Amino acid sequence: MRDFLTTVLVTLVSTPALAQMGNPAGFAPDTRMEEPGVPAAHQTNNQDRLFAQLAAVGGLAEVDLAKLAATKATDSRVKEFAQAMVDDHSDANSRLKALADAAKIPLPDKLDADHKAMRQKLDAAEGQAFDVAYIRSQIIAHQKTAQLLAWEIGSGEDAQLQQYSAATLPAVMKHLRMAQDIASALTGQASREIVAAKHN
Amino acid sequence: MSPLKLMALACIMSASAASLAAYSDPLPPDLTYRPLPTQPLSSVRANDEAQKPKVMKRQQDLLNKRYDLADKPIPDASMSGGQKKVQDGVRVRLPDGVTWDTLASMSPTEIRDKNLLPEGFRPLPHVKQATGGQVFPQKAIDEIGKQENRDLKRFDVDFDLPDHLTPEFPPPIFLTTHPELGDVSRGELLTIKNFYEYMNGIITPVQMEGLRLLLTPFPQEEFNQTEDRKVAQQSMGVACLDCHANFHTNGAFHLTPDVRPQAARFRLDSTSLRGMFNQQIHGSKRSLRSIEDFTEFEQRTAYFNGDHVSATRKGVNLPDRPNQVAMMAQMQNIIDFSPAPKLDLMGKLDPAKASEQELAGERVFMGKGRCGECHLPQTSFLDNNMHDLKLERFYNIGYTANDQVAIADGPIKTFTLRGIKDSPPYLHDGRLLTLADTVEFFNLVLGVKLSQDERDSLVAYMLTL
């Protein structure tokens, strides 16, 4: 799973800046252009800025909850999943931070109310109940992150943030499938996959 | 109130504030609804026009990478109006190192893990996914411009497929009420200007009024009078039959109204309205149960992307259900399939008329190929159901191609195969260019491992439908 960041970086480096073709109806009126129709590097619109902030707080929470789960979980699959989340999201968070800094977007440095409430709920749970609560929280978190990334791909203006989103989304989909498979194993919850996925 | 009670109330209030916060989803406000434009038309248009050459080149590069787009007709196979040849051969390009047979011998998981699913089998992006909307082929733009002086040309994008890979234009029209007349189109495109003259005397007053409404332009997401449009001048809008040309299709495409966010919406290839009288479910995703429902609601879906708020802003036309909708539906319900002289009354090939290869194709269709399990000959090659092909067994979802995020397609309705040679490209999004492509696609998806002879016979069979 460590190849996730490599994939992101390779994609970001190898994809030309013009790969994204935003919808000009969503450009901000003060958009600086590199050439007509092409926003300058690190030029952001409202969606880019909101995306960076929401993705950053989601990333912080991923690492925070995963560190808790890596020690507290009882099931080995949940522990492994949690460790993978610590690794992957720490890397992704640093990359997002670099792009946000370049675009001068201030990022949150602590959890928001939604994630604090989730943390409290997990602090209070023990044993198998903790495992189930954590993995279910991960299903929801990855569903929401997938939505957020797809939204940035369609609505953003900063090509590098859009490329970051495009490069990150397959991994998020993979994590979602992993969480669904673990939830299925823990609870008998139905999993839609009909052929076992290869997780790497 | 006593201080103690006040304190208790304050505690309750802060507790409920905390629990409310726990249920507030920090997601963006415009994930579902269409955002309002942020700039005047002049700025948006200047940027769109500046982007257009790159947008079109990017899409052409994607198409050329996925497909062989050459003009290679089958010499003796024409579409029903006799104006255009049907295109030959498999056009989807194979990844390096595999053949169609080696691919068909691999498991879905192996194909996924080795990333070997041909790109032409995957979801086909809109030419400009971030904007989406209706895009008309040049022939339709020219003809509507000539007859009605109405502009269907967008300033941000052009149609992306070559003309020889789209349906003949204008296509013939066959009426269930007048089988003896054959094609009643006179070789022309029906428009608001000519429909009365052409149909006078062969349809009823109720059908005529329905036809008038189906040809009347109404405001649409990209064609309207606001600054949020993609046509240079203020537009009267589009008509139903602008895409469903002569009740068939001209290949105009759109994005599905049924999926969000924008990047995940799949492309829609306009479907033919022929044989509407036997089609029981409508819309690739919505499974609306009557053509009346579909006709009524399209003013908010095909016209406005399934966003009734945007529709209200731009001037939606909501047809009156008991009168207008009923008449529009009655007109659509008298449009017949194109003739299939080799089929008997139950949709089976007549051995006296069909060739050996066509008969062999029918046997594969009904047997080993498993096509007939959904495309039932007796019910116009339909089962009036939706099915999930679970194509994501073959590839990892979540990648982005030309700004479209590939997610799983999920269940899609079964489309009829009657007259199928007349309506390329194929599948709901038009990702398959020829009938031979559809055979390779389903050979893989269904895992039926057909021989080359069997695959060729299936193509020959489908040409008879």
# chains A, B, ... in the order shown; residues from 1 in each chain; ligands from 1
>>> closest_atom_pairs(of="chain B", to="chain A", cutoff="7 Å", atoms="only C-alpha atoms", output="JSON lines")
{"residue": "B:Ala21", "atom": "CA", "partner": "A:Ala113", "partner_atom": "CA", "distance": 5.9}
{"residue": "B:Ala22", "atom": "CA", "partner": "A:Asp114", "partner_atom": "CA", "distance": 4.8}
{"residue": "B:Ser24", "atom": "CA", "partner": "A:Asp114", "partner_atom": "CA", "distance": 6.7}
{"residue": "B:Leu31", "atom": "CA", "partner": "A:Trp151", "partner_atom": "CA", "distance": 6.6}
{"residue": "B:Pro37", "atom": "CA", "partner": "A:Ala25", "partner_atom": "CA", "distance": 5.4}
{"residue": "B:Thr38", "atom": "CA", "partner": "A:Gly26", "partner_atom": "CA", "distance": 6.0}
{"residue": "B:Gln39", "atom": "CA", "partner": "A:Pro29", "partner_atom": "CA", "distance": 6.1}
{"residue": "B:Val44", "atom": "CA", "partner": "A:Pro24", "partner_atom": "CA", "distance": 5.3}
{"residue": "B:Asn47", "atom": "CA", "partner": "A:Gly37", "partner_atom": "CA", "distance": 4.1}
{"residue": "B:Asp48", "atom": "CA", "partner": "A:Pro24", "partner_atom": "CA", "distance": 6.2}
{"residue": "B:Ala50", "atom": "CA", "partner": "A:Gly37", "partner_atom": "CA", "distance": 5.1}
{"residue": "B:Gln51", "atom": "CA", "partner": "A:Gly37", "partner_atom": "CA", "distance": 5.2}
{"residue": "B:Val55", "atom": "CA", "partner": "A:Met21", "partner_atom": "CA", "distance": 6.9}
{"residue": "B:Thr109", "atom": "CA", "partner": "A:Val195", "partner_atom": "CA", "distance": 6.8}
{"residue": "B:Ala130", "atom": "CA", "partner": "A:Gly154", "partner_atom": "CA", "distance": 4.9}
{"residue": "B:Thr131", "atom": "CA", "partner": "A:Asn23", "partner_atom": "CA", "distance": 5.5}
{"residue": "B:Pro261", "atom": "CA", "partner": "A:Trp151", "partner_atom": "CA", "distance": 5.9}
{"residue": "B:Gln262", "atom": "CA", "partner": "A:Gly154", "partner_atom": "CA", "distance": 6.0}
{"residue": "B:Ala263", "atom": "CA", "partner": "A:Gly154", "partner_atom": "CA", "distance": 4.9}
{"residue": "B:Ala264", "atom": "CA", "partner": "A:Ala150", "partner_atom": "CA", "distance": 6.9}
{"residue": "B:Arg393", "atom": "CA", "partner": "A:Val195", "partner_atom": "CA", "distance": 6.4}
{"residue": "B:Ile397", "atom": "CA", "partner": "A:Pro170", "partner_atom": "CA", "distance": 6.4}
{"residue": "B:Gly398", "atom": "CA", "partner": "A:Pro170", "partner_atom": "CA", "distance": 4.3}
{"residue": "B:Tyr399", "atom": "CA", "partner": "A:Pro170", "partner_atom": "CA", "distance": 5.5}
{"residue": "B:Thr400", "atom": "CA", "partner": "A:Ala166", "partner_atom": "CA", "distance": 5.8}
{"residue": "B:Asp403", "atom": "CA", "partner": "A:Ile153", "partner_atom": "CA", "distance": 6.4}
{"residue": "B:Val405", "atom": "CA", "partner": "A:Ala150", "partner_atom": "CA", "distance": 6.7}
>>> write_last_selection(atoms="N, CA and C atoms", output="mmCIF file, in the first residue's frame")
data_model
loop_
_atom_site.group_PDB
_atom_site.id
_atom_site.type_symbol
_atom_site.label_atom_id
_atom_site.label_comp_id
_atom_site.auth_asym_id
_atom_site.auth_seq_id
_atom_site.Cartn_x
_atom_site.Cartn_y
_atom_site.Cartn_z
ATOM 1 N N ALA B 21 -24.107 19.048 16.058
ATOM 2 C CA ALA B 21 -22.855 19.141 15.317
ATOM 3 C C ALA B 21 -22.431 17.763 14.827
ATOM 4 N N ALA B 22 -22.714 16.762 15.631
ATOM 5 C CA ALA B 22 -22.300 15.413 15.256
ATOM 6 C C ALA B 22 -23.018 14.944 13.998
ATOM 7 N N SER B 24 -23.939 17.100 11.542
ATOM 8 C CA SER B 24 -23.791 18.032 10.425
ATOM 9 C C SER B 24 -22.640 17.549 9.550
ATOM 10 N N LEU B 31 -22.614 20.180 -4.049
ATOM 11 C CA LEU B 31 -22.380 18.828 -4.557
ATOM 12 C C LEU B 31 -23.564 18.345 -5.380
ATOM 13 N N PRO B 37 -23.821 30.754 -11.846
ATOM 14 C CA PRO B 37 -22.630 31.247 -12.541
ATOM 15 C C PRO B 37 -21.989 32.385 -11.754
ATOM 16 N N THR B 38 -20.667 32.510 -11.909
ATOM 17 C CA THR B 38 -19.946 33.530 -11.149
ATOM 18 C C THR B 38 -19.500 34.695 -12.016
ATOM 19 N N GLN B 39 -19.687 34.558 -13.327
ATOM 20 C CA GLN B 39 -19.189 35.596 -14.238
ATOM 21 C C GLN B 39 -20.226 35.870 -15.317
ATOM 22 N N VAL B 44 -17.209 34.231 -19.585
ATOM 23 C CA VAL B 44 -17.268 32.764 -19.670
ATOM 24 C C VAL B 44 -17.033 32.328 -21.108
ATOM 25 N N ASN B 47 -13.377 32.603 -22.230
ATOM 26 C CA ASN B 47 -12.565 31.508 -21.688
ATOM 27 C C ASN B 47 -12.910 30.184 -22.358
ATOM 28 N N ASP B 48 -14.207 29.957 -22.571
ATOM 29 C CA ASP B 48 -14.629 28.711 -23.227
ATOM 30 C C ASP B 48 -14.050 28.608 -24.632
ATOM 31 N N ALA B 50 -11.441 30.104 -25.786
ATOM 32 C CA ALA B 50 -9.987 29.933 -25.716
ATOM 33 C C ALA B 50 -9.630 28.475 -25.410
ATOM 34 N N GLN B 51 -10.431 27.832 -24.597
ATOM 35 C CA GLN B 51 -10.151 26.443 -24.216
ATOM 36 C C GLN B 51 -10.513 25.439 -25.316
ATOM 37 N N VAL B 55 -9.656 21.425 -25.667
ATOM 38 C CA VAL B 55 -10.701 20.486 -25.233
ATOM 39 C C VAL B 55 -10.961 19.461 -26.338
ATOM 40 N N THR B 109 -10.797 -10.988 -12.570
ATOM 41 C CA THR B 109 -9.830 -10.494 -11.578
ATOM 42 C C THR B 109 -8.444 -10.346 -12.195
ATOM 43 N N ALA B 130 -16.707 18.604 -17.216
ATOM 44 C CA ALA B 130 -16.976 19.577 -16.153
ATOM 45 C C ALA B 130 -18.215 20.411 -16.470
ATOM 46 N N THR B 131 -18.486 20.619 -17.759
ATOM 47 C CA THR B 131 -19.663 21.390 -18.166
ATOM 48 C C THR B 131 -20.805 20.452 -18.538
ATOM 49 N N PRO B 261 -21.604 13.382 -7.966
ATOM 50 C CA PRO B 261 -21.293 14.711 -8.489
ATOM 51 C C PRO B 261 -21.012 14.692 -9.999
ATOM 52 N N GLN B 262 -20.852 15.905 -10.530
ATOM 53 C CA GLN B 262 -20.717 16.099 -11.970
ATOM 54 C C GLN B 262 -19.665 15.181 -12.598
ATOM 55 N N ALA B 263 -18.511 15.045 -11.934
ATOM 56 C CA ALA B 263 -17.408 14.281 -12.517
ATOM 57 C C ALA B 263 -17.773 12.806 -12.690
ATOM 58 N N ALA B 264 -18.733 12.322 -11.913
ATOM 59 C CA ALA B 264 -19.078 10.897 -11.957
ATOM 60 C C ALA B 264 -20.254 10.609 -12.880
ATOM 61 N N ARG B 393 -15.828 -5.560 -12.296
ATOM 62 C CA ARG B 393 -15.044 -6.770 -12.038
ATOM 63 C C ARG B 393 -13.736 -6.731 -12.823
ATOM 64 N N ILE B 397 -12.045 0.883 -10.270
ATOM 65 C CA ILE B 397 -12.809 2.118 -10.423
ATOM 66 C C ILE B 397 -12.059 3.287 -9.769
ATOM 67 N N GLY B 398 -12.533 4.486 -10.061
ATOM 68 C CA GLY B 398 -12.010 5.669 -9.382
ATOM 69 C C GLY B 398 -10.969 6.440 -10.173
ATOM 70 N N TYR B 399 -10.514 5.891 -11.325
ATOM 71 C CA TYR B 399 -9.539 6.651 -12.106
ATOM 72 C C TYR B 399 -10.275 7.750 -12.883
ATOM 73 N N THR B 400 -9.533 8.739 -13.329
ATOM 74 C CA THR B 400 -10.126 9.867 -14.041
ATOM 75 C C THR B 400 -9.627 9.892 -15.478
ATOM 76 N N ASP B 403 -11.417 14.205 -17.191
ATOM 77 C CA ASP B 403 -12.205 14.803 -16.099
ATOM 78 C C ASP B 403 -13.407 13.964 -15.676
ATOM 79 N N VAL B 405 -14.741 10.776 -13.728
ATOM 80 C CA VAL B 405 -14.353 9.764 -12.754
ATOM 81 C C VAL B 405 -15.123 8.492 -13.076
#
>>> residues_around(residues="region 312-318 of chain B", least_positions_apart="4", cutoff="10 Å", atoms="only C-alpha atoms", output="ChimeraX atom specification")
/B:217-229,237,295-300,303-304,307-308,324-325
>>> residues_around(residues="region 452-463 of chain B", least_positions_apart="4", cutoff="9 Å", atoms="only C-alpha atoms", output="list of chain:residue names")
B:Ala77, B:Val86, B:Asp101, B:Leu349, B:Ala354, B:Glu356, B:Gln357, B:Glu358, B:Leu359, B:Ala360, B:Gly361, B:Glu362, B:Arg363, B:Val364, B:Phe365, B:Gly369, B:Leu417, B:Arg418, B:Gly419, B:Ile420, B:Lys421, B:Leu435, B:Ala436, B:Thr438, B:Val439, B:Glu440, B:Asn443
>>> residues_around(residues="Leu161 (chain B)", least_positions_apart="3", cutoff="10 Å", atoms="only C-alpha atoms", output="ChimeraX atom specification")
/B:59-60,63,69,127,137,158,164-166,251-252,425,433
>>> residues_around(residues="Phe394 (chain B)", least_positions_apart="5", cutoff="7 Å", atoms="only C-alpha atoms", output="list in words")
Pro108, Thr109, Ile111, Arg112 and Leu117 of chain B
>>> write_last_selection(atoms="N, CA and C atoms", output="PDB file, in the first residue's frame")
ATOM      1  N   PRO B 108     -11.981 -12.250 -14.814  1.00  0.00           N
ATOM      2  CA  PRO B 108     -12.149 -10.807 -14.586  1.00  0.00           C
ATOM      3  C   PRO B 108     -11.093 -10.248 -13.629  1.00  0.00           C
ATOM      4  N   THR B 109     -10.797 -10.988 -12.570  1.00  0.00           N
ATOM      5  CA  THR B 109      -9.830 -10.494 -11.578  1.00  0.00           C
ATOM      6  C   THR B 109      -8.444 -10.346 -12.195  1.00  0.00           C
ATOM      7  N   ILE B 111      -7.776  -9.821 -15.359  1.00  0.00           N
ATOM      8  CA  ILE B 111      -7.813  -8.671 -16.279  1.00  0.00           C
ATOM      9  C   ILE B 111      -7.722  -7.372 -15.484  1.00  0.00           C
ATOM     10  N   ARG B 112      -8.411  -7.345 -14.340  1.00  0.00           N
ATOM     11  CA  ARG B 112      -8.360  -6.131 -13.517  1.00  0.00           C
ATOM     12  C   ARG B 112      -6.966  -5.923 -12.929  1.00  0.00           C
ATOM     13  N   LEU B 117      -8.219  -4.491 -19.312  1.00  0.00           N
ATOM     14  CA  LEU B 117      -9.511  -4.230 -19.966  1.00  0.00           C
ATOM     15  C   LEU B 117      -9.308  -3.118 -20.992  1.00  0.00           C
TER      16      LEU B 117
END
>>> select_by_dssp(residues="chain A", states="strand (DSSP E or B)", output="MDAnalysis selection string")
chainID A and resid 33:35 38:39
>>> atom_distance(atom1="CA of Pro125 (chain B)", atom2="CA of Leu96 (chain A)")
26.8 Å
>>> closest_residue(among="A:Leu122, A:Ala100, A:Leu111, A:Ile105", to="Ala73 (chain A)", atoms="only C-alpha atoms")
A:Leu122
>>> closest_residue(among="A:Arg32, A:Arg49, A:Leu68, A:Ile182", to="Asp123 (chain A)", atoms="only C-alpha atoms")
A:Leu68
>>> closest_residue(among="B:Leu211, B:Leu391, B:Met56, B:Val98", to="Ala239 (chain B)", atoms="only C-alpha atoms")
B:Leu211
>>> residues_around(residues="Ala179 (chain A)", least_positions_apart="4", cutoff="8 Å", atoms="only C-alpha atoms", output="compact mmCIF listing (two decimals) with C-alpha atoms, in the first residue's frame")
# COMPACT_ATOMS: atom_id res chain seq x y z
CA PHE A 81 -6.27 -1.42 8.04
CA ILE A 135 -14.65 0.30 10.49
CA ARG A 136 -18.13 1.72 9.95
CA GLN A 138 -14.17 4.46 7.90
CA ILE A 139 -16.78 3.41 5.37
CA HIS A 175 -9.71 1.79 0.97
CA ALA A 183 -17.13 -4.87 7.90
>>> closest_residue(among="B:Pro341, B:Pro123, B:Pro171, B:Gly145", to="Ser272 (chain B)", atoms="only C-alpha atoms")
B:Pro171
>>> residues_around(residues="Ser338 (chain B)", least_positions_apart="3", cutoff="12 Å", atoms="only C-alpha atoms", output="PyMOL selection string")
chain B and resi 79-82+171-176+179+182-184+247-248+272-275+335+341+343+380+417-423+463-465
>>> write_last_selection(atoms="C-alpha atoms", output="PDB file, in the first residue's frame")
ATOM      1  CA  MET B  79     -29.148   1.356 -42.536  1.00  0.00           C
ATOM      2  CA  SER B  80     -32.920   1.245 -43.035  1.00  0.00           C
ATOM      3  CA  GLY B  81     -33.165   4.470 -45.009  1.00  0.00           C
ATOM      4  CA  GLY B  82     -30.514   3.236 -47.438  1.00  0.00           C
ATOM      5  CA  PRO B 171     -33.556   8.751 -40.612  1.00  0.00           C
ATOM      6  CA  PRO B 172     -36.759   7.214 -41.991  1.00  0.00           C
ATOM      7  CA  ILE B 173     -40.032   7.240 -40.032  1.00  0.00           C
ATOM      8  CA  PHE B 174     -42.322   4.203 -39.917  1.00  0.00           C
ATOM      9  CA  LEU B 175     -45.860   4.436 -38.502  1.00  0.00           C
ATOM     10  CA  THR B 176     -47.732   1.562 -36.848  1.00  0.00           C
ATOM     11  CA  PRO B 179     -47.490   0.089 -42.405  1.00  0.00           C
ATOM     12  CA  GLY B 182     -43.340   2.598 -45.407  1.00  0.00           C
ATOM     13  CA  ASP B 183     -41.039   5.543 -44.672  1.00  0.00           C
ATOM     14  CA  VAL B 184     -43.132   8.724 -44.351  1.00  0.00           C
ATOM     15  CA  PHE B 247     -38.250   9.789 -33.641  1.00  0.00           C
ATOM     16  CA  HIS B 248     -34.969   7.883 -34.059  1.00  0.00           C
ATOM     17  CA  SER B 272     -34.176   5.755 -30.561  1.00  0.00           C
ATOM     18  CA  LEU B 273     -37.904   6.177 -29.922  1.00  0.00           C
ATOM     19  CA  ARG B 274     -38.824   3.481 -32.449  1.00  0.00           C
ATOM     20  CA  GLY B 275     -41.034   0.744 -31.010  1.00  0.00           C
ATOM     21  CA  ILE B 335     -43.639   5.058 -34.269  1.00  0.00           C
ATOM     22  CA  PRO B 341     -38.276  -8.844 -43.426  1.00  0.00           C
ATOM     23  CA  LEU B 343     -38.102 -12.157 -38.961  1.00  0.00           C
ATOM     24  CA  SER B 380     -39.166  -6.890 -29.286  1.00  0.00           C
ATOM     25  CA  LEU B 417     -32.045  -4.785 -30.526  1.00  0.00           C
ATOM     26  CA  ARG B 418     -34.752  -4.318 -33.161  1.00  0.00           C
ATOM     27  CA  GLY B 419     -33.276  -2.151 -35.889  1.00  0.00           C
ATOM     28  CA  ILE B 420     -29.959  -2.107 -34.011  1.00  0.00           C
ATOM     29  CA  LYS B 421     -27.861  -1.587 -37.149  1.00  0.00           C
ATOM     30  CA  ASP B 422     -29.502   1.865 -37.437  1.00  0.00           C
ATOM     31  CA  SER B 423     -28.355   3.271 -34.109  1.00  0.00           C
ATOM     32  CA  LEU B 463     -27.900  -7.025 -39.151  1.00  0.00           C
ATOM     33  CA  THR B 464     -31.203  -8.837 -39.840  1.00  0.00           C
ATOM     34  CA  LEU B 465     -32.963  -7.417 -36.799  1.00  0.00           C
TER      35      LEU B 465
END
>>> decode(residues="region 57-90 of chain A", atoms="N, CA and C atoms", output="PDB file, in the first residue's frame")
ATOM      1  N   VAL A  57      -8.904  18.446   6.922  1.00  0.00           N
ATOM      2  CA  VAL A  57      -9.470  18.059   8.221  1.00  0.00           C
ATOM      3  C   VAL A  57      -9.849  16.573   8.195  1.00  0.00           C
ATOM      4  N   GLY A  58     -10.308  16.090   7.046  1.00  0.00           N
ATOM      5  CA  GLY A  58     -10.603  14.655   6.912  1.00  0.00           C
ATOM      6  C   GLY A  58      -9.330  13.828   7.054  1.00  0.00           C
ATOM      7  N   GLY A  59      -8.244  14.324   6.485  1.00  0.00           N
ATOM      8  CA  GLY A  59      -6.961  13.629   6.551  1.00  0.00           C
ATOM      9  C   GLY A  59      -6.419  13.589   7.978  1.00  0.00           C
ATOM     10  N   LEU A  60      -6.566  14.733   8.676  1.00  0.00           N
ATOM     11  CA  LEU A  60      -6.144  14.784  10.086  1.00  0.00           C
ATOM     12  C   LEU A  60      -6.903  13.740  10.898  1.00  0.00           C
ATOM     13  N   ALA A  61      -8.203  13.706  10.688  1.00  0.00           N
ATOM     14  CA  ALA A  61      -9.056  12.783  11.451  1.00  0.00           C
ATOM     15  C   ALA A  61      -8.713  11.337  11.121  1.00  0.00           C
ATOM     16  N   GLU A  62      -8.431  11.057   9.844  1.00  0.00           N
ATOM     17  CA  GLU A  62      -8.061   9.698   9.450  1.00  0.00           C
ATOM     18  C   GLU A  62      -6.876   9.209  10.272  1.00  0.00           C
ATOM     19  N   VAL A  63      -5.847  10.058  10.347  1.00  0.00           N
ATOM     20  CA  VAL A  63      -4.631   9.667  11.060  1.00  0.00           C
ATOM     21  C   VAL A  63      -4.917   9.542  12.561  1.00  0.00           C
ATOM     22  N   ASP A  64      -5.652  10.504  13.091  1.00  0.00           N
ATOM     23  CA  ASP A  64      -5.970  10.492  14.528  1.00  0.00           C
ATOM     24  C   ASP A  64      -6.745   9.230  14.905  1.00  0.00           C
ATOM     25  N   LEU A  65      -7.804   8.929  14.151  1.00  0.00           N
ATOM     26  CA  LEU A  65      -8.633   7.758  14.472  1.00  0.00           C
ATOM     27  C   LEU A  65      -7.867   6.460  14.207  1.00  0.00           C
ATOM     28  N   ALA A  66      -7.038   6.477  13.162  1.00  0.00           N
ATOM     29  CA  ALA A  66      -6.300   5.261  12.825  1.00  0.00           C
ATOM     30  C   ALA A  66      -5.250   4.948  13.896  1.00  0.00           C
ATOM     31  N   LYS A  67      -4.625   5.993  14.436  1.00  0.00           N
ATOM     32  CA  LYS A  67      -3.647   5.749  15.510  1.00  0.00           C
ATOM     33  C   LYS A  67      -4.338   5.124  16.713  1.00  0.00           C
ATOM     34  N   LEU A  68      -5.524   5.621  17.010  1.00  0.00           N
ATOM     35  CA  LEU A  68      -6.305   5.045  18.112  1.00  0.00           C
ATOM     36  C   LEU A  68      -6.611   3.578  17.805  1.00  0.00           C
ATOM     37  N   ALA A  69      -7.075   3.322  16.572  1.00  0.00           N
ATOM     38  CA  ALA A  69      -7.496   1.966  16.223  1.00  0.00           C
ATOM     39  C   ALA A  69      -6.310   1.006  16.146  1.00  0.00           C
ATOM     40  N   ALA A  70      -5.143   1.506  15.757  1.00  0.00           N
ATOM     41  CA  ALA A  70      -3.976   0.628  15.636  1.00  0.00           C
ATOM     42  C   ALA A  70      -3.609   0.015  16.989  1.00  0.00           C
ATOM     43  N   THR A  71      -3.925   0.725  18.073  1.00  0.00           N
ATOM     44  CA  THR A  71      -3.617   0.171  19.399  1.00  0.00           C
ATOM     45  C   THR A  71      -4.846  -0.471  20.034  1.00  0.00           C
ATOM     46  N   LYS A  72      -6.006   0.073  19.766  1.00  0.00           N
ATOM     47  CA  LYS A  72      -7.192  -0.349  20.509  1.00  0.00           C
ATOM     48  C   LYS A  72      -7.960  -1.509  19.858  1.00  0.00           C
ATOM     49  N   ALA A  73      -7.802  -1.676  18.557  1.00  0.00           N
ATOM     50  CA  ALA A  73      -8.603  -2.700  17.860  1.00  0.00           C
ATOM     51  C   ALA A  73      -8.214  -4.095  18.333  1.00  0.00           C
ATOM     52  N   THR A  74      -9.161  -5.003  18.297  1.00  0.00           N
ATOM     53  CA  THR A  74      -8.883  -6.379  18.714  1.00  0.00           C
ATOM     54  C   THR A  74      -8.672  -7.283  17.493  1.00  0.00           C
ATOM     55  N   ASP A  75      -9.320  -6.964  16.404  1.00  0.00           N
ATOM     56  CA  ASP A  75      -9.223  -7.812  15.211  1.00  0.00           C
ATOM     57  C   ASP A  75      -7.974  -7.426  14.408  1.00  0.00           C
ATOM     58  N   SER A  76      -7.225  -8.409  13.953  1.00  0.00           N
ATOM     59  CA  SER A  76      -5.956  -8.106  13.271  1.00  0.00           C
ATOM     60  C   SER A  76      -6.200  -7.371  11.951  1.00  0.00           C
ATOM     61  N   ARG A  77      -7.310  -7.696  11.264  1.00  0.00           N
ATOM     62  CA  ARG A  77      -7.580  -7.021   9.990  1.00  0.00           C
ATOM     63  C   ARG A  77      -7.853  -5.528  10.215  1.00  0.00           C
ATOM     64  N   VAL A  78      -8.530  -5.243  11.325  1.00  0.00           N
ATOM     65  CA  VAL A  78      -8.818  -3.832  11.628  1.00  0.00           C
ATOM     66  C   VAL A  78      -7.523  -3.105  11.980  1.00  0.00           C
ATOM     67  N   LYS A  79      -6.675  -3.771  12.745  1.00  0.00           N
ATOM     68  CA  LYS A  79      -5.371  -3.173  13.110  1.00  0.00           C
ATOM     69  C   LYS A  79      -4.551  -2.878  11.863  1.00  0.00           C
ATOM     70  N   GLU A  80      -4.510  -3.849  10.937  1.00  0.00           N
ATOM     71  CA  GLU A  80      -3.729  -3.660   9.704  1.00  0.00           C
ATOM     72  C   GLU A  80      -4.293  -2.517   8.868  1.00  0.00           C
ATOM     73  N   PHE A  81      -5.615  -2.504   8.793  1.00  0.00           N
ATOM     74  CA  PHE A  81      -6.269  -1.425   8.037  1.00  0.00           C
ATOM     75  C   PHE A  81      -5.896  -0.072   8.654  1.00  0.00           C
ATOM     76  N   ALA A  82      -5.954  -0.003   9.983  1.00  0.00           N
ATOM     77  CA  ALA A  82      -5.667   1.253  10.671  1.00  0.00           C
ATOM     78  C   ALA A  82      -4.226   1.688  10.399  1.00  0.00           C
ATOM     79  N   GLN A  83      -3.307   0.745  10.437  1.00  0.00           N
ATOM     80  CA  GLN A  83      -1.905   1.109  10.188  1.00  0.00           C
ATOM     81  C   GLN A  83      -1.731   1.620   8.756  1.00  0.00           C
ATOM     82  N   ALA A  84      -2.436   0.968   7.829  1.00  0.00           N
ATOM     83  CA  ALA A  84      -2.374   1.423   6.436  1.00  0.00           C
ATOM     84  C   ALA A  84      -2.898   2.845   6.314  1.00  0.00           C
ATOM     85  N   MET A  85      -3.963   3.151   7.075  1.00  0.00           N
ATOM     86  CA  MET A  85      -4.527   4.505   7.018  1.00  0.00           C
ATOM     87  C   MET A  85      -3.530   5.519   7.573  1.00  0.00           C
ATOM     88  N   VAL A  86      -2.826   5.156   8.656  1.00  0.00           N
ATOM     89  CA  VAL A  86      -1.824   6.072   9.216  1.00  0.00           C
ATOM     90  C   VAL A  86      -0.777   6.387   8.143  1.00  0.00           C
ATOM     91  N   ASP A  87      -0.274   5.335   7.496  1.00  0.00           N
ATOM     92  CA  ASP A  87       0.788   5.522   6.499  1.00  0.00           C
ATOM     93  C   ASP A  87       0.297   6.336   5.307  1.00  0.00           C
ATOM     94  N   ASP A  88      -0.789   5.862   4.711  1.00  0.00           N
ATOM     95  CA  ASP A  88      -1.263   6.486   3.474  1.00  0.00           C
ATOM     96  C   ASP A  88      -1.691   7.927   3.689  1.00  0.00           C
ATOM     97  N   HIS A  89      -2.458   8.145   4.749  1.00  0.00           N
ATOM     98  CA  HIS A  89      -3.002   9.488   4.926  1.00  0.00           C
ATOM     99  C   HIS A  89      -1.953  10.468   5.420  1.00  0.00           C
ATOM    100  N   SER A  90      -0.941   9.985   6.155  1.00  0.00           N
ATOM    101  CA  SER A  90       0.137  10.903   6.541  1.00  0.00           C
ATOM    102  C   SER A  90       0.821  11.423   5.286  1.00  0.00           C
TER     103      SER A  90
END
